[in-house]
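Trainee: To be precise about what I am sending: the file is called query37.pdb and holds PDB, C-alpha atoms, pLDDT in the B column.
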ATOM      1  CA  MET A   1     102.570 153.932  91.826  1.00 50.00           C
ATOM      2  CA  LEU A   2     102.500 151.205  94.464  1.00 51.00           C
ATOM      3  CA  LYS A   3     105.024 151.459  97.206  1.00 57.00           C
ATOM      4  CA  LYS A   4     107.277 148.473  97.790  1.00 53.00           C
ATOM      5  CA  ASP A   5     105.517 147.528 101.082  1.00 56.00           C
ATOM      6  CA  SER A   6     102.081 147.658  99.433  1.00 53.00           C
ATOM      7  CA  PHE A   7     103.291 145.502  96.555  1.00 51.00           C
ATOM      8  CA  ILE A   8     104.716 142.877  98.937  1.00 57.00           C
ATOM      9  CA  PHE A   9     101.465 142.836 100.935  1.00 55.00           C
ATOM     10  CA  ILE A  10      99.280 142.417  97.826  1.00 56.00           C
ATOM     11  CA  PHE A  11     101.617 139.775  96.386  1.00 51.00           C
ATOM     12  CA  THR A  12     101.601 137.812  99.671  1.00 55.00           C
ATOM     13  CA  CYS A  13      97.796 137.960  99.868  1.00 49.00           C
ATOM     14  CA  LEU A  14      97.469 136.786  96.270  1.00 48.00           C
ATOM     15  CA  ILE A  15      99.817 133.815  96.762  1.00 50.00           C
ATOM     16  CA  THR A  16      98.072 132.857 100.027  1.00 47.00           C
ATOM     17  CA  PHE A  17      94.675 133.002  98.327  1.00 46.00           C
ATOM     18  CA  LEU A  18      95.863 130.838  95.409  1.00 41.00           C
ATOM     19  CA  LEU A  19      97.488 128.216  97.639  1.00 40.00           C
ATOM     20  CA  TRP A  20      94.531 128.114 100.021  1.00 42.00           C
ATOM     21  CA  GLY A  21      92.250 127.116  97.153  1.00 45.00           C
ATOM     22  CA  CYS A  22      94.432 124.181  96.070  1.00 53.00           C
ATOM     23  CA  LYS A  23      93.282 120.713  97.078  1.00 58.00           C
ATOM     24  CA  ASP A  24      95.631 117.819  97.639  1.00 67.00           C
ATOM     25  CA  VAL A  25      95.243 115.254  94.844  1.00 79.00           C
ATOM     26  CA  TYR A  26      96.466 112.470  97.148  1.00 86.00           C
ATOM     27  CA  LEU A  27      94.163 110.712  99.599  1.00 90.00           C
ATOM     28  CA  ASP A  28      95.239 111.224 103.228  1.00 90.00           C
ATOM     29  CA  MET A  29      95.714 107.721 104.657  1.00 93.00           C
ATOM     30  CA  ASN A  30      97.108 108.821 108.046  1.00 93.00           C
ATOM     31  CA  ASN A  31      94.016 107.584 109.894  1.00 95.00           C
ATOM     32  CA  VAL A  32      94.059 104.110 108.310  1.00 96.00           C
ATOM     33  CA  ASN A  33      95.608 101.252 110.245  1.00 97.00           C
ATOM     34  CA  CYS A  34      95.660  97.495 110.789  1.00 97.00           C
ATOM     35  CA  LYS A  35      96.927  95.069 113.420  1.00 97.00           C
ATOM     36  CA  LEU A  36      97.318  91.371 114.185  1.00 97.00           C
ATOM     37  CA  ASP A  37      95.809  89.871 117.320  1.00 94.00           C
ATOM     38  CA  LYS A  38      99.237  88.419 118.244  1.00 95.00           C
ATOM     39  CA  ASP A  39     102.474  87.368 116.530  1.00 92.00           C
ATOM     40  CA  SER A  40     102.821  83.660 117.353  1.00 97.00           C
ATOM     41  CA  TYR A  41     100.363  80.911 116.397  1.00 97.00           C
ATOM     42  CA  ALA A  42     100.108  77.139 116.236  1.00 97.00           C
ATOM     43  CA  LYS A  43      99.687  75.442 112.856  1.00 96.00           C
ATOM     44  CA  ASN A  44      96.133  75.956 111.527  1.00 96.00           C
ATOM     45  CA  GLU A  45      95.284  78.390 114.356  1.00 97.00           C
ATOM     46  CA  ASN A  46      93.166  81.381 113.302  1.00 97.00           C
ATOM     47  CA  ILE A  47      95.151  84.560 112.638  1.00 97.00           C
ATOM     48  CA  THR A  48      93.024  87.715 112.784  1.00 97.00           C
ATOM     49  CA  LEU A  49      94.088  90.786 110.828  1.00 97.00           C
ATOM     50  CA  THR A  50      91.907  93.747 111.829  1.00 97.00           C
ATOM     51  CA  TYR A  51      91.830  96.826 109.592  1.00 97.00           C
ATOM     52  CA  TYR A  52      90.159 100.110 110.476  1.00 97.00           C
ATOM     53  CA  GLY A  53      90.197 103.828 109.841  1.00 96.00           C
ATOM     54  CA  TYR A  54      88.435 107.004 108.853  1.00 95.00           C
ATOM     55  CA  PHE A  55      88.899 109.943 106.495  1.00 91.00           C
ATOM     56  CA  GLU A  56      88.660 113.655 107.224  1.00 85.00           C
ATOM     57  CA  ASP A  57      86.312 114.094 104.234  1.00 78.00           C
ATOM     58  CA  SER A  58      83.881 111.240 104.853  1.00 79.00           C
ATOM     59  CA  ASN A  59      81.429 112.569 102.233  1.00 85.00           C
ATOM     60  CA  ASP A  60      83.924 111.997  99.442  1.00 90.00           C
ATOM     61  CA  ILE A  61      83.041 109.035  97.182  1.00 94.00           C
ATOM     62  CA  GLY A  62      85.657 106.462  96.223  1.00 94.00           C
ATOM     63  CA  ASP A  63      87.211 103.022  96.445  1.00 96.00           C
ATOM     64  CA  LEU A  64      89.296 101.394  99.166  1.00 96.00           C
ATOM     65  CA  ARG A  65      90.994  98.012  99.107  1.00 96.00           C
ATOM     66  CA  ILE A  66      93.332  95.944 101.269  1.00 96.00           C
ATOM     67  CA  ASP A  67      95.978  93.812  99.529  1.00 96.00           C
ATOM     68  CA  PHE A  68      97.998  91.253 101.442  1.00 95.00           C
ATOM     69  CA  THR A  69     100.382  88.376 101.022  1.00 94.00           C
ATOM     70  CA  VAL A  70     102.368  86.088 103.321  1.00 94.00           C
ATOM     71  CA  TYR A  71     106.033  85.344 102.688  1.00 92.00           C
ATOM     72  CA  LYS A  72     107.934  82.527 104.330  1.00 92.00           C
ATOM     73  CA  LEU A  73     111.258  83.619 105.756  1.00 91.00           C
ATOM     74  CA  ILE A  74     114.239  81.476 104.807  1.00 88.00           C
ATOM     75  CA  ASN A  75     117.398  82.349 106.741  1.00 86.00           C
ATOM     76  CA  GLY A  76     115.699  85.594 107.776  1.00 83.00           C
ATOM     77  CA  GLU A  77     114.953  86.661 104.181  1.00 83.00           C
ATOM     78  CA  ASN A  78     111.612  86.759 102.354  1.00 81.00           C
ATOM     79  CA  ASP A  79     111.142  83.991  99.823  1.00 76.00           C
ATOM     80  CA  PHE A  80     109.614  86.217  97.126  1.00 76.00           C
ATOM     81  CA  GLU A  81     109.624  83.337  94.636  1.00 78.00           C
ATOM     82  CA  ASN A  82     107.222  81.166  96.635  1.00 76.00           C
ATOM     83  CA  LEU A  83     104.301  82.999  98.186  1.00 82.00           C
ATOM     84  CA  THR A  84     102.593  81.194 101.041  1.00 86.00           C
ATOM     85  CA  GLU A  85      99.047  80.064 100.426  1.00 88.00           C
ATOM     86  CA  VAL A  86      96.762  80.517 103.407  1.00 92.00           C
ATOM     87  CA  ASP A  87      93.372  79.103 104.392  1.00 92.00           C
ATOM     88  CA  PHE A  88      90.563  81.594 105.029  1.00 92.00           C
ATOM     89  CA  GLU A  89      87.698  81.361 107.494  1.00 87.00           C
ATOM     90  CA  ASN A  90      85.391  83.180 105.006  1.00 83.00           C
ATOM     91  CA  PRO A  91      86.897  82.592 101.562  1.00 82.00           C
ATOM     92  CA  GLU A  92      83.880  84.147  99.798  1.00 82.00           C
ATOM     93  CA  ASN A  93      85.039  87.607 100.967  1.00 83.00           C
ATOM     94  CA  ILE A  94      88.564  87.169  99.576  1.00 88.00           C
ATOM     95  CA  SER A  95      89.676  87.728  95.992  1.00 90.00           C
ATOM     96  CA  SER A  96      93.004  86.707  94.515  1.00 87.00           C
ATOM     97  CA  PHE A  97      95.258  87.989  91.735  1.00 76.00           C
ATOM     98  CA  SER A  98      97.126  84.708  91.701  1.00 79.00           C
ATOM     99  CA  GLU A  99      98.242  82.128  94.240  1.00 82.00           C
ATOM    100  CA  GLY A 100      99.361  83.914  97.395  1.00 86.00           C
ATOM    101  CA  LEU A 101      98.280  87.458  96.383  1.00 91.00           C
ATOM    102  CA  TYR A 102      94.965  88.331  98.025  1.00 94.00           C
ATOM    103  CA  TYR A 103      92.712  91.360  98.347  1.00 95.00           C
ATOM    104  CA  VAL A 104      89.440  92.487  99.884  1.00 95.00           C
ATOM    105  CA  THR A 105      87.382  95.395  98.606  1.00 95.00           C
ATOM    106  CA  ILE A 106      86.543  97.568 101.607  1.00 95.00           C
ATOM    107  CA  LYS A 107      84.600 100.250  99.726  1.00 95.00           C
ATOM    108  CA  GLU A 108      83.549 100.415  96.103  1.00 95.00           C
ATOM    109  CA  ASN A 109      82.190 103.733  94.846  1.00 95.00           C
ATOM    110  CA  GLU A 110      81.015 104.512  98.393  1.00 95.00           C
ATOM    111  CA  GLU A 111      81.287 107.339 100.897  1.00 94.00           C
ATOM    112  CA  MET A 112      84.640 107.238 102.642  1.00 93.00           C
ATOM    113  CA  SER A 113      83.084 106.849 106.073  1.00 93.00           C
ATOM    114  CA  SER A 114      84.829 105.063 108.921  1.00 95.00           C
ATOM    115  CA  PHE A 115      85.376 101.335 108.602  1.00 96.00           C
ATOM    116  CA  LYS A 116      86.449  98.390 110.734  1.00 97.00           C
ATOM    117  CA  ASP A 117      86.580  94.734 109.733  1.00 95.00           C
ATOM    118  CA  SER A 118      88.884  91.744 109.877  1.00 95.00           C
ATOM    119  CA  ILE A 119      90.291  88.905 107.827  1.00 95.00           C
ATOM    120  CA  VAL A 120      90.742  85.527 109.500  1.00 96.00           C
ATOM    121  CA  PHE A 121      93.182  83.044 107.999  1.00 96.00           C
ATOM    122  CA  SER A 122      95.524  80.252 109.024  1.00 96.00           C
ATOM    123  CA  ILE A 123      98.858  78.815 107.907  1.00 95.00           C
ATOM    124  CA  ASN A 124      99.322  75.048 107.912  1.00 94.00           C
ATOM    125  CA  GLU A 125     103.132  74.827 107.978  1.00 93.00           C
ATOM    126  CA  SER A 126     105.388  75.804 110.879  1.00 94.00           C
ATOM    127  CA  GLY A 127     108.070  78.422 110.363  1.00 94.00           C
ATOM    128  CA  GLU A 128     108.804  82.142 110.326  1.00 95.00           C
ATOM    129  CA  TYR A 129     106.659  84.310 108.059  1.00 95.00           C
ATOM    130  CA  GLU A 130     106.051  87.933 107.198  1.00 95.00           C
ATOM    131  CA  LEU A 131     102.602  89.304 106.430  1.00 95.00           C
ATOM    132  CA  PHE A 132     102.716  92.273 104.073  1.00 96.00           C
ATOM    133  CA  VAL A 133      99.600  94.499 103.932  1.00 97.00           C
ATOM    134  CA  ALA A 134      98.822  97.501 101.716  1.00 97.00           C
ATOM    135  CA  ILE A 135      95.631  99.511 102.122  1.00 97.00           C
ATOM    136  CA  GLY A 136      95.018 101.825  99.205  1.00 96.00           C
ATOM    137  CA  GLY A 137      92.260 103.964  97.841  1.00 95.00           C
ATOM    138  CA  SER A 138      91.236 106.910  95.740  1.00 94.00           C
ATOM    139  CA  THR A 139      88.249 109.230  95.539  1.00 93.00           C
ATOM    140  CA  TYR A 140      86.791 111.707  93.088  1.00 90.00           C
ATOM    141  CA  ASN A 141      88.441 114.573  94.975  1.00 90.00           C
ATOM    142  CA  HIS A 142      91.734 112.675  95.402  1.00 91.00           C
ATOM    143  CA  PRO A 143      92.232 110.871  92.074  1.00 89.00           C
ATOM    144  CA  TYR A 144      95.881 109.947  92.673  1.00 89.00           C
ATOM    145  CA  GLY A 145      94.873 108.010  95.767  1.00 89.00           C
ATOM    146  CA  GLY A 146      97.000 107.040  98.687  1.00 92.00           C
ATOM    147  CA  THR A 147      98.465 103.917 100.255  1.00 95.00           C
ATOM    148  CA  GLN A 148      99.396 102.828 103.742  1.00 96.00           C
ATOM    149  CA  THR A 149     101.654  99.748 104.103  1.00 96.00           C
ATOM    150  CA  PHE A 150     102.289  97.453 107.046  1.00 97.00           C
ATOM    151  CA  SER A 151     104.515  94.459 107.734  1.00 96.00           C
ATOM    152  CA  PHE A 152     104.019  91.904 110.504  1.00 97.00           C
ATOM    153  CA  PRO A 153     106.296  89.026 111.549  1.00 96.00           C
ATOM    154  CA  ILE A 154     104.414  85.802 112.232  1.00 96.00           C
ATOM    155  CA  THR A 155     105.751  82.655 113.912  1.00 97.00           C
ATOM    156  CA  ILE A 156     103.925  79.369 113.294  1.00 96.00           C
ATOM    157  CA  THR A 157     104.744  76.568 115.743  1.00 96.00           C
ATOM    158  CA  GLU A 158     103.865  72.879 115.826  1.00 90.00           C
TER     159      GLU A 158
END
Can you turn what I pasted into structure tokens?
Mentor:
Amino acid sequence: MLKKDSFIFIFTCLITFLLWGCKDVYLDMNNVNCKLDKDSYAKNENITLTYYGYFEDSNDIGDLRIDFTVYKLINGENDFENLTEVDFENPENISSFSEGLYYVTIKENEEMSSFKDSIVFSINESGEYELFVAIGGSTYNHPYGGTQTFSFPITITE
């Protein structure tokens, strides 16, 4: 018969072995980030959103996309009913779900190596705005994906 101490040791080793072999089904997005070059702009001035990052398992194959939209603030609150349309410096790189909802494919069925790029746009009406950004992706090893979200206040002056 096994003694109690031996049983606890074997049980602990077995559980450790089983948990060690488990992979996380969610993509780790902790090393993904984005930033604006500043927070106040003149009407029609270029606004540069830079996005960058890397993944611990850069050999993993998958997809990565950045979604973004700009909301005008009315009395300090987002006007979710009326998304702000923006003008892009390179519109051929930008896709849209509908007016005001934009996305860029960063990686499509590619190795999840490091990345760095930017989106340049402008707003043609003065006011207070909020830029909402979501960077999301999934890979073969992390099928449930992962998302990192960001929010930036933007002031547009005359």
Trainee: Neighbouring residues of segment 48-56 of chain A were defined as those with any atom within 6 Å, considering all atoms listed in the file; residues of the same chain fewer than 5 positions away were excluded. Please report them as a PyMOL selection string.
Mentor: chain A and resi 31-37+114-120
Trainee: Which one is closest to Ser40 of chain A: A:Ser58, A:Ser126, A:Ser96, A:Thr147? Count only C-alpha atoms.
Mentor: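 Of the candidates, the smallest distance to Ser40 of chain A is held by A:Ser126.
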Trainee: Show me, as a ChimeraX atom specification, the residues that have an atom within 12 Å of Thr84 of chain A when counting only C-alpha atoms, minus same-chain residues fewer than 2 positions from it.
Mentor: /A:68-73,78-82,86-87,98-102,121-132
Trainee: Could you tell me how far atom CA of Thr157 of chain A lies from atom CA of Lys38 of chain A, in Å and to one decimal?
Mentor: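 Distance between the two atoms: 13.3 Å.
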Trainee: Tell me which residues the PyMOL selection byres ((chain A and resi 65) around 7) grabs here, as a VMD selection string.
Mentor: chain A and resid 63 to 64 66 to 67 103 to 107 135 to 137
Trainee: Please report the interatomic distance between atom CA of Glu110 of chain A and atom CA of Asn93 of chain A in Å with one decimal.
Mentor: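 If I compute the distance from atom CA of Glu110 of chain A to atom CA of Asn93 of chain A, I get 17.6 Å.
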Trainee: I'd like to know which of A:Asn90, A:Val133, A:Ser138, A:Asn44 is closest to Asp28 of chain A, using only C-alpha atoms.
Mentor: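 Residue with the minimum atom-to-atom distance to Asp28 of chain A: A:Ser138.
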Trainee: Suppose you want the space between atom CA of Ala134 of chain A and atom CA of Phe152 of chain A; what is it in Å?
Mentor: 11.6 Å
